[in-house]
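Next comes work37.cif, a file with mmCIF, C-alpha atoms and all ligand atoms.
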data_start
#
loop_
_atom_site.label_atom_id
_atom_site.label_comp_id
_atom_site.auth_asym_id
_atom_site.auth_seq_id
_atom_site.Cartn_x
_atom_site.Cartn_y
_atom_site.Cartn_z
CA MET A 275 31.33 -27.59 -1.70
CA ARG A 276 33.68 -27.45 -4.72
CA CYS A 277 33.81 -25.04 -7.67
CA ALA A 278 32.37 -26.68 -10.78
CA LYS A 279 35.07 -25.06 -12.93
CA CYS A 280 38.30 -25.59 -11.01
CA GLY A 281 37.57 -27.77 -7.98
CA ALA A 282 38.68 -25.09 -5.47
CA THR A 283 36.50 -24.34 -2.45
CA ALA A 284 33.25 -22.78 -3.66
CA VAL A 285 32.05 -19.54 -2.06
CA ILE A 286 28.52 -19.71 -3.44
CA GLY A 287 26.09 -22.38 -4.50
CA MET A 288 23.30 -21.52 -6.91
CA ARG A 289 20.85 -24.33 -6.42
CA GLN A 290 18.58 -23.13 -9.23
CA HIS A 291 21.45 -23.70 -11.67
CA ARG A 292 22.96 -26.65 -9.74
CA LEU A 293 26.18 -24.67 -9.84
CA ASN A 294 28.82 -24.02 -7.16
CA LEU A 295 31.63 -21.58 -7.87
CA CYS A 296 34.79 -20.26 -6.25
CA ALA A 297 35.26 -16.48 -5.89
CA GLU A 298 37.32 -16.14 -9.07
CA HIS A 299 34.89 -18.07 -11.24
CA PHE A 300 31.84 -16.45 -9.66
CA VAL A 301 33.01 -12.88 -10.43
CA ALA A 302 33.56 -14.01 -14.03
CA TRP A 303 30.22 -15.87 -14.21
CA VAL A 304 28.08 -12.86 -13.14
CA PRO A 305 29.16 -10.55 -16.01
CA ASP A 306 28.77 -13.48 -18.44
CA MET A 307 25.24 -13.95 -17.22
CA VAL A 308 24.56 -10.22 -17.65
CA ALA A 309 26.06 -10.25 -21.16
CA ARG A 310 23.80 -13.17 -22.08
CA THR A 311 20.77 -11.31 -20.70
CA ILE A 312 21.67 -8.16 -22.67
CA ASP A 313 21.98 -10.31 -25.81
CA LYS A 314 18.90 -12.43 -25.25
CA TYR A 315 16.58 -9.44 -24.97
CA ALA A 316 18.56 -7.22 -27.41
CA MET A 317 18.82 -4.58 -24.70
CA PHE A 318 21.45 -2.44 -26.39
CA ALA A 319 24.32 -2.63 -28.87
CA PRO A 320 28.01 -2.28 -27.88
CA ASN A 321 28.21 1.18 -29.45
CA GLU A 322 25.13 2.60 -27.71
CA ARG A 323 25.52 5.00 -24.80
CA ILE A 324 23.85 3.89 -21.61
CA LEU A 325 22.55 5.95 -18.72
CA VAL A 326 22.76 3.94 -15.50
CA ALA A 327 20.34 4.82 -12.70
CA VAL A 328 22.41 4.39 -9.56
CA SER A 329 21.00 4.49 -6.06
CA GLY A 330 24.13 3.66 -4.06
CA GLY A 331 22.80 0.16 -3.36
CA LYS A 332 24.49 -3.12 -4.32
CA ASP A 333 22.45 -3.86 -7.43
CA SER A 334 22.84 -0.61 -9.33
CA LEU A 335 26.54 -0.29 -8.43
CA ALA A 336 27.18 -3.92 -9.42
CA LEU A 337 25.42 -3.22 -12.72
CA TRP A 338 27.47 -0.11 -13.36
CA ASP A 339 30.68 -1.99 -12.48
CA ILE A 340 29.84 -4.76 -14.95
CA LEU A 341 28.93 -2.40 -17.80
CA ILE A 342 32.13 -0.37 -17.27
CA ARG A 343 34.24 -3.55 -17.26
CA GLN A 344 32.53 -4.71 -20.44
CA GLY A 345 33.58 -1.48 -22.13
CA TYR A 346 30.20 0.20 -22.48
CA GLU A 347 30.06 3.97 -22.59
CA THR A 348 28.05 4.80 -19.50
CA GLU A 349 27.06 7.70 -17.34
CA GLY A 350 25.76 7.20 -13.81
CA VAL A 351 22.92 9.36 -12.53
CA TYR A 352 22.16 9.62 -8.86
CA ILE A 353 18.89 11.31 -7.95
CA ASN A 354 19.14 12.78 -4.46
CA LEU A 355 15.56 12.50 -3.21
CA GLY A 356 16.24 14.40 0.02
CA ILE A 357 15.40 11.51 2.35
CA ASP A 358 17.11 12.60 5.52
CA HIS A 359 16.31 9.64 7.77
CA GLU A 360 19.79 8.88 9.16
CA GLY A 361 21.19 10.90 6.27
CA TYR A 362 20.05 8.21 3.82
CA SER A 363 20.12 10.22 0.57
CA ASP A 364 23.39 12.06 1.27
CA ALA A 365 25.12 8.88 2.47
CA SER A 366 24.00 7.09 -0.70
CA GLU A 367 25.28 9.97 -2.83
CA ASP A 368 28.69 9.70 -1.13
CA LYS A 369 28.90 5.99 -1.98
CA VAL A 370 28.08 6.64 -5.64
CA ARG A 371 30.60 9.47 -5.83
CA ALA A 372 33.32 7.30 -4.28
CA PHE A 373 32.47 4.47 -6.70
CA ALA A 374 32.77 6.80 -9.73
CA GLU A 375 36.16 8.07 -8.52
CA GLU A 376 37.46 4.55 -7.90
CA HIS A 377 36.40 3.53 -11.40
CA GLY A 378 38.61 6.08 -13.12
CA SER A 379 36.27 9.03 -12.61
CA VAL A 380 33.64 7.68 -14.98
CA PRO A 381 30.99 10.23 -16.01
CA PHE A 382 28.51 10.75 -13.23
CA ARG A 383 25.98 13.38 -12.26
CA VAL A 384 23.72 14.12 -9.34
CA VAL A 385 20.26 15.61 -9.63
CA ASN A 386 19.30 16.99 -6.24
CA VAL A 387 15.50 17.19 -6.26
CA GLY A 388 15.33 19.70 -3.37
CA GLU A 389 17.88 22.03 -4.95
CA VAL A 390 16.58 21.83 -8.51
CA TYR A 391 12.83 21.87 -7.83
CA GLY A 392 12.63 23.52 -4.39
CA LYS A 393 11.16 20.57 -2.48
CA THR A 394 12.45 17.15 -1.50
CA VAL A 395 10.44 14.04 -2.36
CA PRO A 396 9.21 13.49 1.26
CA ASP A 397 8.21 17.19 1.50
CA LEU A 398 6.35 16.94 -1.77
CA ALA A 399 4.53 13.79 -0.66
CA HIS A 400 3.57 15.31 2.70
CA THR A 401 2.01 18.33 1.06
CA ARG A 402 0.02 16.03 -1.22
CA ARG A 403 -2.23 14.25 1.23
CA GLY A 404 -3.23 10.79 0.15
CA LYS A 405 -0.20 10.37 -2.11
CA ARG A 406 2.27 7.75 -0.93
CA VAL A 407 5.91 8.80 -0.83
CA CYS A 408 6.84 5.90 -3.13
CA SER A 409 4.34 6.87 -5.82
CA VAL A 410 5.56 10.49 -5.78
CA CYS A 411 9.14 9.21 -5.78
CA GLY A 412 8.52 6.90 -8.75
CA LEU A 413 7.00 9.70 -10.79
CA VAL A 414 9.83 12.11 -9.96
CA LYS A 415 12.55 9.55 -10.75
CA ARG A 416 10.95 8.55 -14.07
CA HIS A 417 10.64 12.17 -15.15
CA ILE A 418 14.22 13.08 -14.24
CA MET A 419 15.73 9.97 -15.82
CA ASN A 420 13.80 10.54 -19.05
CA ARG A 421 14.87 14.17 -19.13
CA VAL A 422 18.56 13.40 -18.52
CA ALA A 423 18.53 10.56 -21.08
CA SER A 424 16.87 12.71 -23.71
CA GLU A 425 19.14 15.73 -23.13
CA GLY A 426 22.25 13.54 -23.20
CA GLY A 427 21.14 11.54 -26.25
CA TYR A 428 21.35 8.19 -24.41
CA ALA A 429 19.97 5.08 -26.12
CA ALA A 430 18.78 3.40 -22.94
CA ILE A 431 18.27 3.81 -19.22
CA ALA A 432 19.59 0.80 -17.30
CA THR A 433 18.34 0.00 -13.81
CA GLY A 434 19.61 -2.53 -11.29
CA HIS A 435 16.38 -4.53 -10.80
CA ASN A 436 17.32 -8.11 -9.96
CA LEU A 437 15.26 -11.26 -10.26
CA ASP A 438 13.95 -11.00 -6.69
CA ASP A 439 12.64 -7.50 -7.46
CA GLU A 440 11.02 -8.64 -10.68
CA ALA A 441 9.49 -11.77 -9.15
CA ALA A 442 8.10 -9.75 -6.21
CA THR A 443 6.58 -7.17 -8.56
CA LEU A 444 5.16 -9.97 -10.66
CA LEU A 445 3.61 -11.65 -7.63
CA GLY A 446 2.04 -8.35 -6.51
CA ASN A 447 0.66 -7.63 -9.97
CA THR A 448 -0.67 -11.17 -10.31
CA LEU A 449 -2.34 -11.20 -6.91
CA HIS A 450 -4.25 -8.10 -7.93
CA TRP A 451 -4.52 -9.07 -11.62
CA GLN A 452 -3.10 -5.74 -12.67
CA SER A 453 -3.15 -6.54 -16.36
CA ALA A 454 -1.91 -3.11 -17.46
CA TYR A 455 1.10 -3.40 -15.14
CA LEU A 456 1.70 -7.01 -16.19
CA LEU A 457 1.84 -5.88 -19.78
CA ARG A 458 4.48 -3.31 -18.95
CA GLN A 459 6.69 -5.60 -16.86
CA ALA A 460 9.52 -6.73 -19.09
CA PRO A 461 13.33 -6.81 -19.25
CA VAL A 462 13.12 -4.20 -22.02
CA LEU A 463 10.56 -1.45 -22.47
CA PRO A 464 11.07 -0.02 -25.94
CA GLU A 465 11.18 3.72 -26.49
CA THR A 466 7.63 4.97 -26.97
CA HIS A 467 8.77 8.39 -28.21
CA PRO A 468 12.11 9.78 -29.48
CA ARG A 469 12.46 11.59 -26.14
CA LEU A 470 11.47 8.64 -23.92
CA ALA A 471 14.50 6.32 -23.89
CA ARG A 472 14.32 2.53 -23.79
CA LYS A 473 14.34 1.06 -20.24
CA VAL A 474 16.41 -2.07 -19.63
CA LYS A 475 17.08 -4.38 -16.67
CA PRO A 476 20.29 -6.31 -17.35
CA LEU A 477 20.31 -7.98 -13.88
CA CYS A 478 16.84 -9.47 -14.23
CA HIS A 479 18.13 -13.07 -14.32
CA LEU A 480 20.31 -12.70 -11.22
CA TYR A 481 19.13 -13.47 -7.71
CA GLU A 482 19.60 -10.73 -5.12
CA ARG A 483 22.06 -12.87 -3.14
CA GLU A 484 24.17 -13.15 -6.30
CA THR A 485 24.36 -9.40 -6.90
CA ALA A 486 25.18 -8.96 -3.19
CA ALA A 487 27.93 -11.59 -3.39
CA TYR A 488 29.31 -9.98 -6.56
CA ALA A 489 29.42 -6.53 -4.93
CA LEU A 490 31.11 -7.99 -1.86
CA LEU A 491 33.72 -9.97 -3.80
CA ARG A 492 34.47 -6.98 -6.03
CA GLY A 493 34.95 -4.80 -2.94
CA ILE A 494 32.17 -2.42 -3.98
CA ASP A 495 31.26 -0.18 -1.06
CA TYR A 496 27.49 0.24 -1.16
CA VAL A 497 24.73 1.51 1.12
CA GLU A 498 23.46 -1.47 3.05
CA GLU A 499 20.42 0.23 4.56
CA GLU A 500 17.22 0.03 2.58
CA CYS A 501 15.37 3.26 1.86
CA PRO A 502 13.31 3.89 5.03
CA TYR A 503 10.13 3.93 2.95
CA ALA A 504 10.91 0.50 1.47
CA VAL A 505 10.29 -1.11 4.85
CA LYS A 506 6.59 -0.45 4.49
CA ALA A 507 6.49 -1.68 0.91
CA LYS A 508 4.49 -4.81 0.20
CA SER A 509 7.28 -6.05 -2.05
CA ILE A 510 9.27 -6.98 1.09
CA VAL A 511 6.47 -9.37 2.12
CA TYR A 512 6.33 -10.82 -1.39
CA LYS A 513 10.09 -11.32 -1.43
CA GLY A 514 9.89 -13.19 1.88
CA LEU A 515 7.14 -15.46 0.57
CA LEU A 516 9.03 -16.18 -2.64
CA ASN A 517 12.16 -16.99 -0.64
CA GLN A 518 10.19 -19.54 1.40
CA LEU A 519 9.05 -21.18 -1.81
CA GLU A 520 12.56 -21.02 -3.22
CA HIS A 521 13.92 -22.70 -0.11
CA ARG A 522 11.56 -25.63 -0.52
CA SER A 523 11.92 -25.80 -4.25
CA PRO A 524 15.08 -24.19 -5.72
CA GLY A 525 14.49 -22.36 -8.97
CA THR A 526 10.90 -21.34 -8.17
CA LYS A 527 11.61 -17.61 -8.47
CA LEU A 528 13.47 -17.94 -11.75
CA GLN A 529 10.82 -20.22 -13.22
CA PHE A 530 7.98 -17.95 -12.09
CA TYR A 531 9.57 -15.00 -13.87
CA LEU A 532 10.74 -16.80 -17.02
CA GLU A 533 7.45 -18.63 -17.54
CA TYR A 534 5.65 -15.31 -17.20
CA LEU A 535 7.90 -13.82 -19.90
CA HIS A 536 7.15 -16.80 -22.18
CA ALA A 537 3.42 -16.36 -21.63
CA ARG A 538 3.78 -12.67 -22.32
CA GLU A 539 5.68 -13.40 -25.54
CA ASP A 540 2.94 -15.82 -26.55
CA GLY A 541 0.46 -12.99 -26.28
CA LEU A 542 -1.26 -13.86 -23.01
CA PHE A 543 -1.36 -10.22 -21.95
CA ARG A 544 -1.44 -8.69 -25.40
CA GLN A 545 -3.59 -5.64 -25.85
CA GLU A 546 -4.11 -3.22 -28.65
CA GLU A 547 -1.12 -1.11 -29.57
CA PRO A 548 -1.02 1.85 -27.15
CA ALA A 549 -1.95 5.17 -28.68
CA PRO A 550 1.09 7.18 -29.78
CA ILE A 551 2.21 9.94 -27.42
CA GLU A 552 1.54 13.10 -29.35
CA ASN A 553 1.33 15.82 -26.72
CA THR A 554 4.10 17.90 -25.22
CA CYS A 555 3.93 19.36 -21.75
CA PRO A 556 3.86 23.16 -22.10
CA GLN A 557 5.90 23.56 -18.92
CA CYS A 558 8.75 21.03 -19.10
CA GLY A 559 8.60 20.05 -22.78
CA GLN A 560 8.44 16.29 -22.07
CA PRO A 561 6.15 14.08 -24.15
CA THR A 562 2.93 13.23 -22.32
CA MET A 563 -0.36 11.39 -22.84
CA ALA A 564 -2.14 14.20 -20.98
CA THR A 565 -3.50 17.27 -22.66
CA GLY A 566 -1.94 20.17 -20.80
CA LEU A 567 0.61 19.66 -18.07
CA CYS A 568 2.31 16.27 -17.66
CA ALA A 569 1.82 14.27 -14.45
CA PHE A 570 5.16 15.50 -13.07
CA CYS A 571 4.37 19.19 -13.57
CA ARG A 572 0.85 18.71 -12.21
CA LEU A 573 2.38 17.25 -9.08
CA TRP A 574 4.24 20.50 -8.40
CA GLU A 575 1.42 22.77 -9.58
CA LYS A 576 -1.02 21.44 -7.03
CA THR A 577 1.45 21.61 -4.18
CA PRO A 578 0.95 24.60 -1.92
S1 LIG B 1 13.52 5.09 -3.11
FE1 LIG B 1 11.58 6.06 -3.50
FE2 LIG B 1 12.05 3.45 -3.44
FE3 LIG B 1 12.42 4.90 -1.22
S2 LIG B 1 10.77 6.37 -1.47
FE4 LIG B 1 9.91 4.42 -2.13
S3 LIG B 1 10.27 4.45 -4.32
S4 LIG B 1 11.35 2.96 -1.36
S5 LIG B 1 12.81 2.16 -5.06
ZN ZN B 2 36.80 -22.01 -9.62
ZN ZN B 3 5.78 18.69 -17.56
#

Translate the structure of the given file into structure tokens.
Amino acid sequence: MRCAKCGATAVIGMRQHRLNLCAEHFVAWVPDMVARTIDKYAMFAPNERILVAVSGGKDSLALWDILIRQGYETEGVYINLGIDHEGYSDASEDKVRAFAEEHGSVPFRVVNVGEVYGKTVPDLAHTRRGKRVCSVCGLVKRHIMNRVASEGGYAAIATGHNLDDEAATLLGNTLHWQSAYLLRQAPVLPETHPRLARKVKPLCHLYERETAAYALLRGIDYVEEECPYAVKAKSIVYKGLLNQLEHRSPGTKLQFYLEYLHAREDGLFRQEEPAPIENTCPQCGQPTMATGLCAFCRLWEKTP
């Protein structure tokens, strides 16, 4: 297998692009791909400040690495959820901290949920019977990221979702015809309020094996273990199914996602404009659709 650019031995073949590359050309190709994705969806401008949600995993650290190398002004935020299974949250925090130091001590902050709010995410979920840890976790992470972005005046929140993540979510939403979720699944979610920053996914055209290879070749030290709660997630099953399809027919995942975006652009899932968010939570001050406390504050209110 030879590199399409220089003829040296290729380290990776991307069958969906019919492209084989050597290490040197692959680590240059990945940021190019990300730059094209940022451009294509007008995710952010070069002068905008970006908050990067980092988990310590390969995708978010690869994303942060690429944005730093491309000269963007970024800050990394690690939310320590307090998942203590084999020290998962603390070990992940250590990886992010080490990454920030190795990259010239780029701005970085940790929000420790247990220390700031008095309960870790698993504790909070256990005291709320019937609530899955992941749904509590999602709500907590969204709230904290929005708060940090708004306080810091960031234009956008960037997350490391790759194409495998997006295709798996899409498959799940399609199997259940979750039209409201389908409508909200996009590479860019515009700001819906001055205090709710734009959400962007610059890795959404990259396969998971490509972000993993990039992290490896760049020598990025990341947490290899998945979050212990992810094991139970349906998305793992969907990823496996999509990989089987991909194996038989290279490019299936990419096509599934891109064709969905085209259909979405053509108005297939279009609904009426959502009502503007006019309320403010009396407790935390965040914009909310609810009258009274926002969903995040209600979560803590009801917890004994
Ligand atoms: S971190 Fe949180 Fe994920 Fe872990 S508890 Fe579930 S949602 S799986 S991205
Ligand atoms: Zn080459
Ligand atoms: Zn609130």

With all atoms listed in the file as the counted atoms, please give the residues lying no more than 12 Å from A:Met307, apart from itself and same-chain residues fewer than 4 positions off, as number ranges by chain.
A: 291, 300-303, 311-314, 337, 340, 476-481, 484-485

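Remark: for ligand ZN 3 (chain B), the closest of the candidate residues A:Ser409, A:Ala454, A:Arg416, A:Ala549 is A:Arg416 (distances computed over only C-alpha atoms and all ligand atoms).
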
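Each of A:Asp339, A:Glu575, A:Asp495, A:Glu465 was checked against A:Pro305 using all atoms listed in the file; the smallest atom-to-atom distance is that of A:Asp339.
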
Contacts of stretch 318-327 of chain A at 9 Å or less, counting only C-alpha atoms, minus same-chain residues fewer than 4 places along, as JSON, numbers by chain?
{"A": [312, 313, 334, 337, 338, 341, 345, 346, 347, 348, 349, 350, 351, 352, 353, 419, 422, 423, 426, 427, 428, 429, 430, 431, 432, 433, 434, 474]}

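The residue that comes closest to ligand ZN 2 (chain B), out of A:His467, A:Arg292, A:His299, A:Arg371 and on the basis of only C-alpha atoms and all ligand atoms, is A:His299.
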
As a PDB file, in the coordinates of the input, the rebuilt stretch 398-420 of chain A with N, CA, C and O atoms:
ATOM      1  N   LEU A 398       7.358  16.905  -0.703  1.00  0.00           N
ATOM      2  CA  LEU A 398       6.350  16.940  -1.770  1.00  0.00           C
ATOM      3  C   LEU A 398       5.202  15.980  -1.446  1.00  0.00           C
ATOM      4  O   LEU A 398       4.030  16.330  -1.593  1.00  0.00           O
ATOM      5  N   ALA A 399       5.563  14.784  -0.975  1.00  0.00           N
ATOM      6  CA  ALA A 399       4.530  13.790  -0.660  1.00  0.00           C
ATOM      7  C   ALA A 399       3.682  14.249   0.531  1.00  0.00           C
ATOM      8  O   ALA A 399       2.463  14.066   0.529  1.00  0.00           O
ATOM      9  N   HIS A 400       4.323  14.874   1.517  1.00  0.00           N
ATOM     10  CA  HIS A 400       3.570  15.310   2.700  1.00  0.00           C
ATOM     11  C   HIS A 400       2.577  16.411   2.383  1.00  0.00           C
ATOM     12  O   HIS A 400       1.526  16.522   2.994  1.00  0.00           O
ATOM     13  N   THR A 401       2.943  17.250   1.418  1.00  0.00           N
ATOM     14  CA  THR A 401       2.010  18.330   1.060  1.00  0.00           C
ATOM     15  C   THR A 401       0.906  17.838   0.130  1.00  0.00           C
ATOM     16  O   THR A 401      -0.017  18.576  -0.169  1.00  0.00           O
ATOM     17  N   ARG A 402       1.069  16.600  -0.365  1.00  0.00           N
ATOM     18  CA  ARG A 402       0.020  16.030  -1.220  1.00  0.00           C
ATOM     19  C   ARG A 402      -0.656  14.915  -0.447  1.00  0.00           C
ATOM     20  O   ARG A 402      -0.284  13.757  -0.572  1.00  0.00           O
ATOM     21  N   ARG A 403      -1.605  15.267   0.387  1.00  0.00           N
ATOM     22  CA  ARG A 403      -2.230  14.250   1.230  1.00  0.00           C
ATOM     23  C   ARG A 403      -2.830  13.125   0.403  1.00  0.00           C
ATOM     24  O   ARG A 403      -3.402  13.369  -0.663  1.00  0.00           O
ATOM     25  N   GLY A 404      -2.662  11.933   0.868  1.00  0.00           N
ATOM     26  CA  GLY A 404      -3.230  10.790   0.150  1.00  0.00           C
ATOM     27  C   GLY A 404      -2.268  10.190  -0.849  1.00  0.00           C
ATOM     28  O   GLY A 404      -2.472   9.098  -1.346  1.00  0.00           O
ATOM     29  N   LYS A 405      -1.182  10.919  -1.156  1.00  0.00           N
ATOM     30  CA  LYS A 405      -0.200  10.370  -2.110  1.00  0.00           C
ATOM     31  C   LYS A 405       0.902   9.687  -1.314  1.00  0.00           C
ATOM     32  O   LYS A 405       1.487  10.291  -0.419  1.00  0.00           O
ATOM     33  N   ARG A 406       1.193   8.439  -1.630  1.00  0.00           N
ATOM     34  CA  ARG A 406       2.270   7.750  -0.930  1.00  0.00           C
ATOM     35  C   ARG A 406       3.623   8.253  -1.411  1.00  0.00           C
ATOM     36  O   ARG A 406       3.762   8.621  -2.576  1.00  0.00           O
ATOM     37  N   VAL A 407       4.576   8.294  -0.468  1.00  0.00           N
ATOM     38  CA  VAL A 407       5.910   8.800  -0.830  1.00  0.00           C
ATOM     39  C   VAL A 407       6.446   8.034  -2.042  1.00  0.00           C
ATOM     40  O   VAL A 407       6.982   8.624  -2.978  1.00  0.00           O
ATOM     41  N   CYS A 408       6.278   6.700  -2.032  1.00  0.00           N
ATOM     42  CA  CYS A 408       6.840   5.900  -3.130  1.00  0.00           C
ATOM     43  C   CYS A 408       6.208   6.224  -4.484  1.00  0.00           C
ATOM     44  O   CYS A 408       6.887   6.145  -5.502  1.00  0.00           O
ATOM     45  N   SER A 409       4.934   6.577  -4.500  1.00  0.00           N
ATOM     46  CA  SER A 409       4.340   6.870  -5.820  1.00  0.00           C
ATOM     47  C   SER A 409       4.837   8.229  -6.316  1.00  0.00           C
ATOM     48  O   SER A 409       5.104   8.396  -7.506  1.00  0.00           O
ATOM     49  N   VAL A 410       4.984   9.197  -5.392  1.00  0.00           N
ATOM     50  CA  VAL A 410       5.560  10.490  -5.780  1.00  0.00           C
ATOM     51  C   VAL A 410       7.005  10.273  -6.248  1.00  0.00           C
ATOM     52  O   VAL A 410       7.434  10.779  -7.288  1.00  0.00           O
ATOM     53  N   CYS A 411       7.727   9.485  -5.486  1.00  0.00           N
ATOM     54  CA  CYS A 411       9.140   9.210  -5.780  1.00  0.00           C
ATOM     55  C   CYS A 411       9.299   8.577  -7.165  1.00  0.00           C
ATOM     56  O   CYS A 411      10.149   8.996  -7.953  1.00  0.00           O
ATOM     57  N   GLY A 412       8.443   7.591  -7.456  1.00  0.00           N
ATOM     58  CA  GLY A 412       8.520   6.900  -8.750  1.00  0.00           C
ATOM     59  C   GLY A 412       8.314   7.872  -9.907  1.00  0.00           C
ATOM     60  O   GLY A 412       9.056   7.850 -10.892  1.00  0.00           O
ATOM     61  N   LEU A 413       7.315   8.726  -9.742  1.00  0.00           N
ATOM     62  CA  LEU A 413       7.000   9.700 -10.790  1.00  0.00           C
ATOM     63  C   LEU A 413       8.167  10.673 -11.003  1.00  0.00           C
ATOM     64  O   LEU A 413       8.563  10.960 -12.139  1.00  0.00           O
ATOM     65  N   VAL A 414       8.723  11.151  -9.884  1.00  0.00           N
ATOM     66  CA  VAL A 414       9.830  12.110  -9.960  1.00  0.00           C
ATOM     67  C   VAL A 414      11.054  11.451 -10.613  1.00  0.00           C
ATOM     68  O   VAL A 414      11.684  12.025 -11.506  1.00  0.00           O
ATOM     69  N   LYS A 415      11.366  10.223 -10.202  1.00  0.00           N
ATOM     70  CA  LYS A 415      12.550   9.550 -10.750  1.00  0.00           C
ATOM     71  C   LYS A 415      12.385   9.284 -12.251  1.00  0.00           C
ATOM     72  O   LYS A 415      13.303   9.497 -13.023  1.00  0.00           O
ATOM     73  N   ARG A 416      11.184   8.830 -12.641  1.00  0.00           N
ATOM     74  CA  ARG A 416      10.950   8.550 -14.070  1.00  0.00           C
ATOM     75  C   ARG A 416      11.139   9.812 -14.908  1.00  0.00           C
ATOM     76  O   ARG A 416      11.780   9.800 -15.943  1.00  0.00           O
ATOM     77  N   HIS A 417      10.563  10.905 -14.411  1.00  0.00           N
ATOM     78  CA  HIS A 417      10.640  12.170 -15.150  1.00  0.00           C
ATOM     79  C   HIS A 417      12.095  12.619 -15.307  1.00  0.00           C
ATOM     80  O   HIS A 417      12.531  12.970 -16.401  1.00  0.00           O
ATOM     81  N   ILE A 418      12.830  12.587 -14.202  1.00  0.00           N
ATOM     82  CA  ILE A 418      14.220  13.080 -14.240  1.00  0.00           C
ATOM     83  C   ILE A 418      15.076  12.180 -15.131  1.00  0.00           C
ATOM     84  O   ILE A 418      15.863  12.667 -15.954  1.00  0.00           O
ATOM     85  N   MET A 419      14.931  10.870 -15.000  1.00  0.00           N
ATOM     86  CA  MET A 419      15.730   9.970 -15.820  1.00  0.00           C
ATOM     87  C   MET A 419      15.427  10.180 -17.309  1.00  0.00           C
ATOM     88  O   MET A 419      16.339  10.215 -18.135  1.00  0.00           O
ATOM     89  N   ASN A 420      14.155  10.313 -17.650  1.00  0.00           N
ATOM     90  CA  ASN A 420      13.800  10.540 -19.050  1.00  0.00           C
ATOM     91  C   ASN A 420      14.397  11.851 -19.564  1.00  0.00           C
ATOM     92  O   ASN A 420      14.892  11.924 -20.688  1.00  0.00           O
TER      93      ASN A 420
END
